[in-house]
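Beneath this line is the structure, given in structure tokens, with notes to follow.
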Amino acid sequence: MSGLRGDAATDFGALRKRYPSVFAPQIVQRWPILAVGLLMALLFVYGLWRLEFSFMRMWTGLAQLGRFATLMLPPIAQSWPQALTFARALAETVSIALLGTLMAALLAFPMGFLAARNATINRVVQFMSRRFLDTIRGVDTLIWALIWVNVVGLGPFAGVLAIMTADAGAFGKLFSETIEAADRKPVDGVVASGGSRLQAIRFGLLPQVLPVMLGQVLYFFESNTRSATIIGIVGAGGIGLHLSEQIRTLEWQGVSLIVLMILAAVALIDVVSGQLRFAIIGERSRNA
Amino acid sequence: MTARHPAGRQLFGYGMSSSLPTLPDAQLAPLLEAYKCARAAKLRQTALFFVALTLAVIVSAKVAEIDLFKLGANIGSFFNYFSRLFVFDSGDLQGRSVLLDIGEWYWGFRKWLRLLGDTLLIAYVGTFIGALGAFLICFSGARNLSPNPWVRGVAKRALEFFRTVPEIVFALIFVIAFGLGPIPGVLALSLHTFGALGKQFLEVVENIDMRPVEGATACGASWVDSIRFAVVPQVLSNFVSYTLLRFEINVRGASVMGFVGAGGIGQDLIEAIRKFYYTDVSAILLMIIATVMIVDIATAHVRHRLIGLEEAR
């Protein structure tokens, strides 16, 4: 040991005497954090026990997974027609995501204004729209898909409607937060020069929030492509149907192929939407 | 610009009663021209965007077999479905509102509550494992802390993979490997959480103030020491905030794990929906929505407290 560390080590006793508070046991000051940590750890252990975790099951499961992983290589389809079917299903998935996101945005646009504190009609309307949006948001896309399948039958249309309803809640919340965060001054300016309430929203609020909203919509398009891949599991169209079928029939090569296709599609959309988002926000900064 | 000039200030600053000064026409004309040009360019851009969007919509509508007539014909049955959710379809109270007999509506309350508890536990354990993994990997994936580009690349690609594959897909595969029950659900959620939180943690770590790290290194701290004493105190509150947000998302995700046989309340829900047990659907759905809302409010409360602490420091 050399230098600072060595000096400190030889002088340890004196240091300790000079700065008692630094060397005091930390349990005293930290007991709330430690208590919370202990509770969380206990809950974790209880959860493991309650959900029937066991080393035996983990071990056999992991061994199985390892076997599946070797069976997944190489990721190829059984035949060309099958590969074509997968490609078509993937296109369907992207279409579902695009249409669902757009329709959700259109639905949520007025809802966002109603739910925003600074653009709504009155407090009651604002409160009611907020709760309504929360309720929609509380239900998962997959549940909406099941319900829509009951209404319009199996197929991608149910998927579009499911993405639409699930996202309308999320968009409504995001939009209203964006509107509430907007600058008041342009709105005041429009009102001061004699603009009506609607004109204040159109010329004071909208130019501020529209680019942000578009960015959010683009971001959701990417994440919805991911959700659209799974709604096929309950029969609402897209590649999910083929994926779950391949998994159930233990066609592991098909599974890995589909997963790779999904990854590629999501990556592509990520790049495109990222560039579009940059273009929109760049334009905005130029205007400002 | 003229207002900055002393003479200009006298002219415009105090002369409130005089009319607004305008530029001479010779100067105004080119400005107006430029304004019109800019407006036209913007309009063209917007029009182009809308044309592209419309084309994309038409193509996707074709692919997704959108049939607005079908929706028009069936929209009635959508509302009909929701009204049927709240009406008994058998028993003494057939055709009457469920509110008349809450006990009958929630006949399986105890069972559902237990399953809902399991769902929460699945979300909790999954978040716990995933957050732990994300915590362990985020420092070796961060540009400012991990010098080896290979380690960084592998960490980032792995996180991307686990984030992009939907958790239900993991659950489908795990159900076959581990058997039916909550274990595949927990593992699927934890893998997805690992990917999603890992990315967020990594970004937080990459944005830290490096001076404490340099200080710790200068005092002779090892890599682990410097992370413990210079990095973790900076990032912990953000980590906790992101983890709480993820827990809320995972509660929603855990509620559908049962759809593929991976435990929780989803099993009973999908059975009720598939077999058209309308009142059961509404009962279970309302319980899920209430739970998600409570978790949402509680985690938001804790997160705001955390942010408050951070600002007070």
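Ordered as shown in the structure tokens, chains take letters A, B, and onward, while each chain numbers its residues from 1 and ligands are numbered from 1 in the order shown.
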Please determine the contact residues of chain A with respect to chain B at a cut-off of 6 Å, counting only C-alpha atoms, and supply them as a list in words.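 Those within range of chain B come out as Phe44, Gly47, Leu51, Gly61, Gln64, Leu65, Glu92, Ser95, Gly138, Val151, Pro156 and Phe157 of chain A.
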Suppose we keep N, CA, C and O atoms; can you now write the selection as a compact mmCIF listing (two decimals), in the first residue's frame?
```txt
# COMPACT_ATOMS: atom_id res chain seq x y z
N PHE A 44 -40.28 -10.68 -2.16
CA PHE A 44 -39.73 -11.41 -3.30
C PHE A 44 -39.66 -12.91 -3.00
O PHE A 44 -40.11 -13.74 -3.80
N GLY A 47 -43.02 -14.34 -2.89
CA GLY A 47 -43.52 -14.49 -4.26
C GLY A 47 -42.98 -15.76 -4.91
O GLY A 47 -43.72 -16.52 -5.53
N LEU A 51 -45.51 -18.65 -6.01
CA LEU A 51 -45.63 -18.96 -7.43
C LEU A 51 -44.95 -20.29 -7.78
O LEU A 51 -44.72 -20.59 -8.95
N GLY A 61 -36.53 -26.94 -16.90
CA GLY A 61 -37.00 -25.95 -17.88
C GLY A 61 -35.85 -25.36 -18.67
O GLY A 61 -35.93 -25.24 -19.90
N GLN A 64 -34.59 -27.80 -21.16
CA GLN A 64 -35.50 -27.83 -22.31
C GLN A 64 -35.24 -26.64 -23.23
O GLN A 64 -35.16 -26.79 -24.44
N LEU A 65 -35.12 -25.45 -22.60
CA LEU A 65 -34.90 -24.24 -23.39
C LEU A 65 -33.63 -24.36 -24.22
O LEU A 65 -33.60 -23.98 -25.39
N GLU A 92 -49.26 -7.57 -43.05
CA GLU A 92 -50.54 -7.35 -42.39
C GLU A 92 -50.33 -6.74 -41.01
O GLU A 92 -51.02 -5.80 -40.61
N SER A 95 -49.47 -3.15 -41.31
CA SER A 95 -50.67 -2.39 -41.66
C SER A 95 -51.57 -2.19 -40.45
O SER A 95 -52.09 -1.09 -40.24
N GLY A 138 -56.49 1.02 -18.76
CA GLY A 138 -56.30 -0.07 -17.82
C GLY A 138 -56.46 -1.44 -18.46
O GLY A 138 -56.07 -2.45 -17.87
N VAL A 151 -66.87 -9.12 -31.57
CA VAL A 151 -67.80 -8.20 -32.22
C VAL A 151 -67.72 -8.28 -33.75
O VAL A 151 -68.73 -8.44 -34.41
N PRO A 156 -57.78 -9.40 -39.28
CA PRO A 156 -56.96 -8.23 -38.95
C PRO A 156 -57.78 -7.00 -38.56
O PRO A 156 -57.28 -6.14 -37.83
N PHE A 157 -59.02 -6.93 -39.03
CA PHE A 157 -59.85 -5.76 -38.69
C PHE A 157 -60.02 -5.64 -37.18
O PHE A 157 -59.91 -4.55 -36.61
```
Residues near B:Ala158, cut-off 12 Å, only C-alpha atoms, skip fewer than 3 positions along chain, as an MDAnalysis selection string: chainID B and resid 133:134 137:138 141 151:155 161:165 191:192 194:196 198:199
For the residues in the current selection, export C-alpha atoms as a PDB file, in the first residue's frame.
```pdb
ATOM      1  CA  GLY B 133     -30.322  -7.897 -14.120  1.00  0.00           C
ATOM      2  CA  ALA B 134     -30.616  -4.452 -15.691  1.00  0.00           C
ATOM      3  CA  ILE B 137     -25.501  -4.959 -16.823  1.00  0.00           C
ATOM      4  CA  CYS B 138     -26.069  -1.215 -17.285  1.00  0.00           C
ATOM      5  CA  GLY B 141     -22.853  -1.200 -21.323  1.00  0.00           C
ATOM      6  CA  VAL B 151     -18.531  -5.703 -24.046  1.00  0.00           C
ATOM      7  CA  ARG B 152     -20.620  -2.592 -24.742  1.00  0.00           C
ATOM      8  CA  GLY B 153     -21.811  -3.868 -28.092  1.00  0.00           C
ATOM      9  CA  VAL B 154     -22.822  -7.266 -26.732  1.00  0.00           C
ATOM     10  CA  ALA B 155     -24.656  -5.688 -23.785  1.00  0.00           C
ATOM     11  CA  PHE B 161     -33.247  -8.312 -28.346  1.00  0.00           C
ATOM     12  CA  PHE B 162     -34.992  -8.821 -25.002  1.00  0.00           C
ATOM     13  CA  ARG B 163     -36.778  -5.495 -25.374  1.00  0.00           C
ATOM     14  CA  THR B 164     -38.091  -6.084 -28.883  1.00  0.00           C
ATOM     15  CA  VAL B 165     -39.452  -9.609 -28.499  1.00  0.00           C
ATOM     16  CA  LEU B 191     -36.683 -10.916 -19.574  1.00  0.00           C
ATOM     17  CA  HIS B 192     -38.687  -8.112 -21.156  1.00  0.00           C
ATOM     18  CA  PHE B 194     -34.443  -6.642 -18.277  1.00  0.00           C
ATOM     19  CA  GLY B 195     -34.313  -5.351 -21.857  1.00  0.00           C
ATOM     20  CA  ALA B 196     -36.503  -2.303 -21.343  1.00  0.00           C
ATOM     21  CA  GLY B 198     -31.523  -2.007 -19.065  1.00  0.00           C
ATOM     22  CA  LYS B 199     -31.781   0.507 -21.874  1.00  0.00           C
TER      23      LYS B 199
END
```
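Around stretch 153-155 of chain A, within 7 Å and counting only C-alpha atoms, the residues found are Val149, Gly235, Ala236 and Gly237 of chain A, once anything fewer than 4 positions away on its own chain is removed.
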Output all heavy atoms for every residue in that selection, as a compact mmCIF listing (two decimals), in the first residue's frame.
```
# COMPACT_ATOMS: atom_id res chain seq x y z
N VAL A 149 -62.76 -9.30 -31.41
CA VAL A 149 -62.96 -10.53 -32.17
C VAL A 149 -64.39 -11.03 -31.97
O VAL A 149 -65.05 -11.49 -32.91
CB VAL A 149 -61.95 -11.61 -31.74
CG1 VAL A 149 -62.41 -12.99 -32.18
CG2 VAL A 149 -60.58 -11.33 -32.34
N GLY A 235 -56.28 -14.45 -32.45
CA GLY A 235 -57.04 -14.52 -33.70
C GLY A 235 -57.36 -13.19 -34.33
O GLY A 235 -58.23 -13.11 -35.18
N ALA A 236 -56.64 -12.12 -33.93
CA ALA A 236 -56.95 -10.80 -34.48
C ALA A 236 -55.98 -10.40 -35.58
O ALA A 236 -55.62 -9.23 -35.72
CB ALA A 236 -56.95 -9.75 -33.37
N GLY A 237 -55.55 -11.34 -36.39
CA GLY A 237 -54.76 -11.02 -37.57
C GLY A 237 -53.29 -10.81 -37.32
O GLY A 237 -52.84 -10.66 -36.18
```
In Å, with one decimal, what is the gap from atom CA of A:Met164 to atom CA of B:Arg246? 22.4 Å
B:Ser237: which residues within 8 Å, counting only C-alpha atoms, same-chain residues fewer than 2 positions away excluded, as a PDB file with N, CA and C atoms, in the first residue's frame?
```pdb
ATOM      1  N   GLN B 234     -25.678   8.919  -7.757  1.00  0.00           N
ATOM      2  CA  GLN B 234     -26.236   9.848  -8.744  1.00  0.00           C
ATOM      3  C   GLN B 234     -27.451   9.289  -9.453  1.00  0.00           C
ATOM      4  N   VAL B 235     -27.475   7.966  -9.651  1.00  0.00           N
ATOM      5  CA  VAL B 235     -28.484   7.401 -10.552  1.00  0.00           C
ATOM      6  C   VAL B 235     -29.625   6.699  -9.823  1.00  0.00           C
ATOM      7  N   PHE B 239     -33.267   5.340 -11.207  1.00  0.00           N
ATOM      8  CA  PHE B 239     -33.478   3.900 -11.375  1.00  0.00           C
ATOM      9  C   PHE B 239     -34.787   3.475 -10.712  1.00  0.00           C
ATOM     10  N   VAL B 240     -34.975   3.937  -9.476  1.00  0.00           N
ATOM     11  CA  VAL B 240     -36.179   3.549  -8.741  1.00  0.00           C
ATOM     12  C   VAL B 240     -37.426   4.051  -9.472  1.00  0.00           C
ATOM     13  N   SER B 241     -37.344   5.277  -9.981  1.00  0.00           N
ATOM     14  CA  SER B 241     -38.484   5.856 -10.679  1.00  0.00           C
ATOM     15  C   SER B 241     -38.842   5.037 -11.917  1.00  0.00           C
ATOM     16  N   LEU B 306     -40.093  11.013  -4.727  1.00  0.00           N
ATOM     17  CA  LEU B 306     -38.673  10.830  -5.036  1.00  0.00           C
ATOM     18  C   LEU B 306     -38.112  12.044  -5.761  1.00  0.00           C
ATOM     19  N   ILE B 307     -38.878  12.535  -6.754  1.00  0.00           N
ATOM     20  CA  ILE B 307     -38.420  13.690  -7.508  1.00  0.00           C
ATOM     21  C   ILE B 307     -38.308  14.895  -6.579  1.00  0.00           C
ATOM     22  N   GLU B 310     -35.202  14.660  -4.661  1.00  0.00           N
ATOM     23  CA  GLU B 310     -34.067  14.968  -5.522  1.00  0.00           C
ATOM     24  C   GLU B 310     -33.877  16.476  -5.636  1.00  0.00           C
TER      25      GLU B 310
END
```
